[in-house]
$ cat protein_17.cif   # mmCIF, N, CA and C atoms
data_upload
loop_
_atom_site.label_atom_id
_atom_site.label_comp_id
_atom_site.auth_asym_id
_atom_site.auth_seq_id
_atom_site.Cartn_x
_atom_site.Cartn_y
_atom_site.Cartn_z
N MET S 1 13.92 3.46 10.83
CA MET S 1 13.83 2.55 9.70
C MET S 1 12.78 1.47 9.95
N VAL S 2 12.76 0.96 11.16
CA VAL S 2 11.81 -0.11 11.47
C VAL S 2 10.38 0.42 11.40
N THR S 3 10.18 1.66 11.79
CA THR S 3 8.84 2.25 11.75
C THR S 3 8.34 2.34 10.31
N PHE S 4 9.18 2.79 9.38
CA PHE S 4 8.78 2.86 7.98
C PHE S 4 8.53 1.47 7.41
N TRP S 5 9.32 0.50 7.84
CA TRP S 5 9.15 -0.87 7.37
C TRP S 5 7.80 -1.42 7.82
N VAL S 6 7.45 -1.19 9.07
CA VAL S 6 6.16 -1.67 9.60
C VAL S 6 5.00 -0.90 8.97
N LEU S 7 5.14 0.42 8.83
CA LEU S 7 4.08 1.21 8.19
C LEU S 7 3.86 0.78 6.75
N GLY S 8 4.94 0.46 6.04
CA GLY S 8 4.82 -0.04 4.68
C GLY S 8 4.07 -1.35 4.63
N ALA S 9 4.36 -2.24 5.57
CA ALA S 9 3.66 -3.52 5.63
C ALA S 9 2.18 -3.32 5.93
N ILE S 10 1.87 -2.39 6.82
CA ILE S 10 0.47 -2.14 7.18
C ILE S 10 -0.30 -1.54 6.01
N THR S 11 0.31 -0.58 5.30
CA THR S 11 -0.39 0.02 4.17
C THR S 11 -0.61 -0.99 3.04
N ILE S 12 0.37 -1.85 2.79
CA ILE S 12 0.19 -2.88 1.77
C ILE S 12 -0.87 -3.88 2.21
N MET S 13 -0.91 -4.20 3.49
CA MET S 13 -1.93 -5.11 3.99
C MET S 13 -3.33 -4.52 3.79
N PHE S 14 -3.50 -3.24 4.12
CA PHE S 14 -4.81 -2.62 3.93
C PHE S 14 -5.17 -2.51 2.45
N GLY S 15 -4.18 -2.23 1.62
CA GLY S 15 -4.43 -2.20 0.18
C GLY S 15 -4.87 -3.56 -0.34
N ALA S 16 -4.24 -4.62 0.15
CA ALA S 16 -4.61 -5.97 -0.26
C ALA S 16 -5.99 -6.34 0.27
N MET S 17 -6.31 -5.90 1.48
CA MET S 17 -7.64 -6.19 2.03
C MET S 17 -8.73 -5.52 1.20
N ILE S 18 -8.49 -4.28 0.81
CA ILE S 18 -9.48 -3.57 -0.01
C ILE S 18 -9.59 -4.22 -1.38
N ALA S 19 -8.46 -4.52 -2.01
CA ALA S 19 -8.49 -5.11 -3.35
C ALA S 19 -9.07 -6.52 -3.32
N GLY S 20 -8.86 -7.24 -2.25
CA GLY S 20 -9.39 -8.59 -2.15
C GLY S 20 -10.90 -8.65 -1.99
N ARG S 21 -11.46 -7.63 -1.41
CA ARG S 21 -12.91 -7.60 -1.20
C ARG S 21 -13.64 -6.84 -2.31
N LEU S 22 -12.92 -6.33 -3.27
CA LEU S 22 -13.51 -5.53 -4.35
C LEU S 22 -14.30 -6.44 -5.28
N ASP S 23 -15.58 -6.15 -5.44
CA ASP S 23 -16.43 -6.96 -6.30
C ASP S 23 -17.55 -6.08 -6.83
N ARG S 24 -17.83 -6.24 -8.07
CA ARG S 24 -18.89 -5.45 -8.68
C ARG S 24 -20.19 -6.25 -8.59
N THR S 25 -20.93 -6.01 -7.53
CA THR S 25 -22.19 -6.73 -7.34
C THR S 25 -23.33 -5.73 -7.28
N LEU S 26 -24.48 -6.23 -6.96
CA LEU S 26 -25.67 -5.41 -6.87
C LEU S 26 -25.51 -4.38 -5.75
N GLY S 27 -25.75 -3.13 -6.05
CA GLY S 27 -25.66 -2.07 -5.05
C GLY S 27 -24.32 -1.35 -5.03
N VAL S 28 -23.39 -1.78 -5.87
CA VAL S 28 -22.08 -1.12 -5.94
C VAL S 28 -22.07 -0.23 -7.17
N SER S 29 -21.93 1.06 -6.93
CA SER S 29 -21.91 1.98 -8.07
C SER S 29 -20.52 2.02 -8.70
N ASP S 30 -20.47 2.56 -9.90
CA ASP S 30 -19.19 2.68 -10.60
C ASP S 30 -18.25 3.61 -9.85
N LEU S 31 -18.79 4.65 -9.25
CA LEU S 31 -17.97 5.61 -8.52
C LEU S 31 -17.35 4.98 -7.28
N SER S 32 -18.14 4.25 -6.50
CA SER S 32 -17.60 3.64 -5.28
C SER S 32 -16.59 2.55 -5.62
N TYR S 33 -16.83 1.80 -6.68
CA TYR S 33 -15.89 0.78 -7.12
C TYR S 33 -14.56 1.43 -7.53
N SER S 34 -14.65 2.52 -8.29
CA SER S 34 -13.45 3.22 -8.75
C SER S 34 -12.67 3.83 -7.59
N ILE S 35 -13.38 4.39 -6.62
CA ILE S 35 -12.72 4.99 -5.46
C ILE S 35 -12.00 3.92 -4.64
N ALA S 36 -12.64 2.78 -4.43
CA ALA S 36 -12.00 1.69 -3.68
C ALA S 36 -10.77 1.17 -4.41
N LEU S 37 -10.87 1.05 -5.73
CA LEU S 37 -9.74 0.60 -6.53
C LEU S 37 -8.60 1.60 -6.47
N LEU S 38 -8.91 2.87 -6.55
CA LEU S 38 -7.90 3.92 -6.46
C LEU S 38 -7.25 3.96 -5.08
N MET S 39 -8.05 3.81 -4.03
CA MET S 39 -7.49 3.80 -2.67
C MET S 39 -6.55 2.62 -2.48
N SER S 40 -6.93 1.46 -2.99
CA SER S 40 -6.08 0.29 -2.89
C SER S 40 -4.76 0.51 -3.62
N PHE S 41 -4.84 1.07 -4.81
CA PHE S 41 -3.64 1.36 -5.60
C PHE S 41 -2.72 2.34 -4.89
N ILE S 42 -3.30 3.38 -4.31
CA ILE S 42 -2.51 4.38 -3.59
C ILE S 42 -1.85 3.77 -2.36
N LEU S 43 -2.56 2.90 -1.65
CA LEU S 43 -1.97 2.24 -0.48
C LEU S 43 -0.81 1.34 -0.89
N PHE S 44 -0.94 0.62 -2.00
CA PHE S 44 0.17 -0.19 -2.50
C PHE S 44 1.36 0.69 -2.86
N LEU S 45 1.11 1.80 -3.53
CA LEU S 45 2.20 2.71 -3.89
C LEU S 45 2.88 3.29 -2.66
N LEU S 46 2.10 3.70 -1.69
CA LEU S 46 2.65 4.27 -0.46
C LEU S 46 3.49 3.24 0.29
N GLY S 47 3.00 2.02 0.41
CA GLY S 47 3.77 0.96 1.06
C GLY S 47 5.06 0.66 0.32
N GLY S 48 5.01 0.67 -1.00
CA GLY S 48 6.21 0.45 -1.80
C GLY S 48 7.23 1.55 -1.61
N ILE S 49 6.77 2.79 -1.56
CA ILE S 49 7.69 3.91 -1.34
C ILE S 49 8.33 3.80 0.04
N LEU S 50 7.54 3.42 1.04
CA LEU S 50 8.10 3.27 2.39
C LEU S 50 9.16 2.17 2.42
N TRP S 51 8.89 1.04 1.75
CA TRP S 51 9.87 -0.04 1.72
C TRP S 51 11.11 0.33 0.94
N ILE S 52 10.94 1.08 -0.14
CA ILE S 52 12.11 1.52 -0.91
C ILE S 52 12.96 2.48 -0.09
N SER S 53 12.32 3.36 0.68
CA SER S 53 13.10 4.27 1.52
C SER S 53 13.87 3.52 2.59
N VAL S 54 13.31 2.44 3.12
CA VAL S 54 14.02 1.61 4.09
C VAL S 54 15.21 0.93 3.42
N ALA S 55 15.02 0.42 2.20
CA ALA S 55 16.11 -0.24 1.49
C ALA S 55 17.25 0.73 1.19
N VAL S 56 16.91 1.95 0.81
CA VAL S 56 17.94 2.96 0.54
C VAL S 56 18.67 3.33 1.83
N ALA S 57 17.94 3.45 2.93
CA ALA S 57 18.57 3.79 4.22
C ALA S 57 19.49 2.67 4.69
N VAL S 58 19.08 1.43 4.50
CA VAL S 58 19.92 0.29 4.91
C VAL S 58 21.19 0.26 4.07
N LYS S 59 21.05 0.49 2.76
CA LYS S 59 22.23 0.52 1.90
C LYS S 59 23.17 1.65 2.28
N HIS S 60 22.59 2.81 2.61
CA HIS S 60 23.41 3.95 3.00
C HIS S 60 24.16 3.67 4.31
N VAL S 61 23.50 3.05 5.26
CA VAL S 61 24.13 2.73 6.54
C VAL S 61 25.19 1.65 6.37
N SER S 62 24.95 0.66 5.52
CA SER S 62 25.91 -0.42 5.35
C SER S 62 27.16 0.04 4.60
N GLU S 63 27.07 1.11 3.81
CA GLU S 63 28.25 1.62 3.11
C GLU S 63 29.16 2.44 4.00
N GLU S 64 28.67 2.90 5.11
CA GLU S 64 29.49 3.74 6.00
C GLU S 64 30.38 2.95 6.88
#
$ encode --input "protein_17.cif" --output "structure tokens"
Amino acid sequence: MVTFWVLGAITIMFGAMIAGRLDRTLGVSDLSYSIALLMSFILFLLGGILWISVAVAVKHVSEE
């Protein structure tokens, strides 16, 4: 459980790092901007799924 919790935090951190540096400036194509945005979104989703699985596992363990 702790491993999924830490992996979720790391993936959300990387997603936030990518999204925080995302800027449409000179030399950034539409494709690279879209790919970075999509990668950030996927990392947020993956981190959320990992955290939800930890929450479900904790609830399951606490009910026993």
$ closest_residue --input "protein_17.cif" --among "S:Leu43, S:Ala55, S:Ile49, S:Val61" --to "Gly15 (chain S)" --atoms "all atoms listed in the file"
S:Leu43
$ atom_distance --input "protein_17.cif" --atom1 "atom N of Trp5 (chain S)" --atom2 "CA of Leu46 (chain S)"
11.3 Å
$ atom_distance --input "protein_17.cif" --atom1 "atom N of Asp23 (chain S)" --atom2 "CA of Phe41 (chain S)"
14.1 Å
$ residues_around --input "protein_17.cif" --residues "Ser32 (chain S)" --least-positions-apart "6" --cutoff "12 Å" --atoms "only C-alpha atoms" --output "ChimeraX atom specification"
/S:22-25,38-39
$ atom_distance --input "protein_17.cif" --atom1 "CA of Val56 (chain S)" --atom2 "CA of Ile10 (chain S)"
19.4 Å
$ closest_residue --input "protein_17.cif" --among "S:Met1, S:Ala16, S:Glu63, S:Gly8" --to "Ser40 (chain S)" --atoms "all atoms listed in the file"
S:Ala16
$ select_by_dssp --input "protein_17.cif" --residues "region 7-55 of chain S" --states "helix (DSSP H, G or I)" --output "VMD selection string"
chain S and resid 7 to 21 30 to 55
$ closest_residue --input "protein_17.cif" --among "S:Gly20, S:Trp51, S:Val58, S:Gly27" --to "Phe4 (chain S)" --atoms "only N, CA and C atoms"
S:Trp51
$ axis_aligned_box --input "protein_17.cif" --around "region 17-21 of chain S" --padding-each-side "5 Å" --output "JSON"
{"center_x": -10.0, "center_y": -6.1, "center_z": -0.7, "size_x": 17.3, "size_y": 15.1, "size_z": 15.4}
$ residues_around --input "protein_17.cif" --residues "Val2 (chain S)" --least-positions-apart "4" --cutoff "9 Å" --atoms "only C-alpha atoms" --output "list in words"
Val6, Leu7 and Val54 of chain S
$ write_last_selection --input "protein_17.cif" --atoms "N, CA and C atoms" --output "PDB file, in the frame of the given file"
ATOM      1  N   VAL S   6       7.450  -1.190   9.070  1.00  0.00           N
ATOM      2  CA  VAL S   6       6.160  -1.670   9.600  1.00  0.00           C
ATOM      3  C   VAL S   6       5.000  -0.900   8.970  1.00  0.00           C
ATOM      4  N   LEU S   7       5.140   0.420   8.830  1.00  0.00           N
ATOM      5  CA  LEU S   7       4.080   1.210   8.190  1.00  0.00           C
ATOM      6  C   LEU S   7       3.860   0.780   6.750  1.00  0.00           C
ATOM      7  N   VAL S  54      13.310   2.440   3.120  1.00  0.00           N
ATOM      8  CA  VAL S  54      14.020   1.610   4.090  1.00  0.00           C
ATOM      9  C   VAL S  54      15.210   0.930   3.420  1.00  0.00           C
TER      10      VAL S  54
END
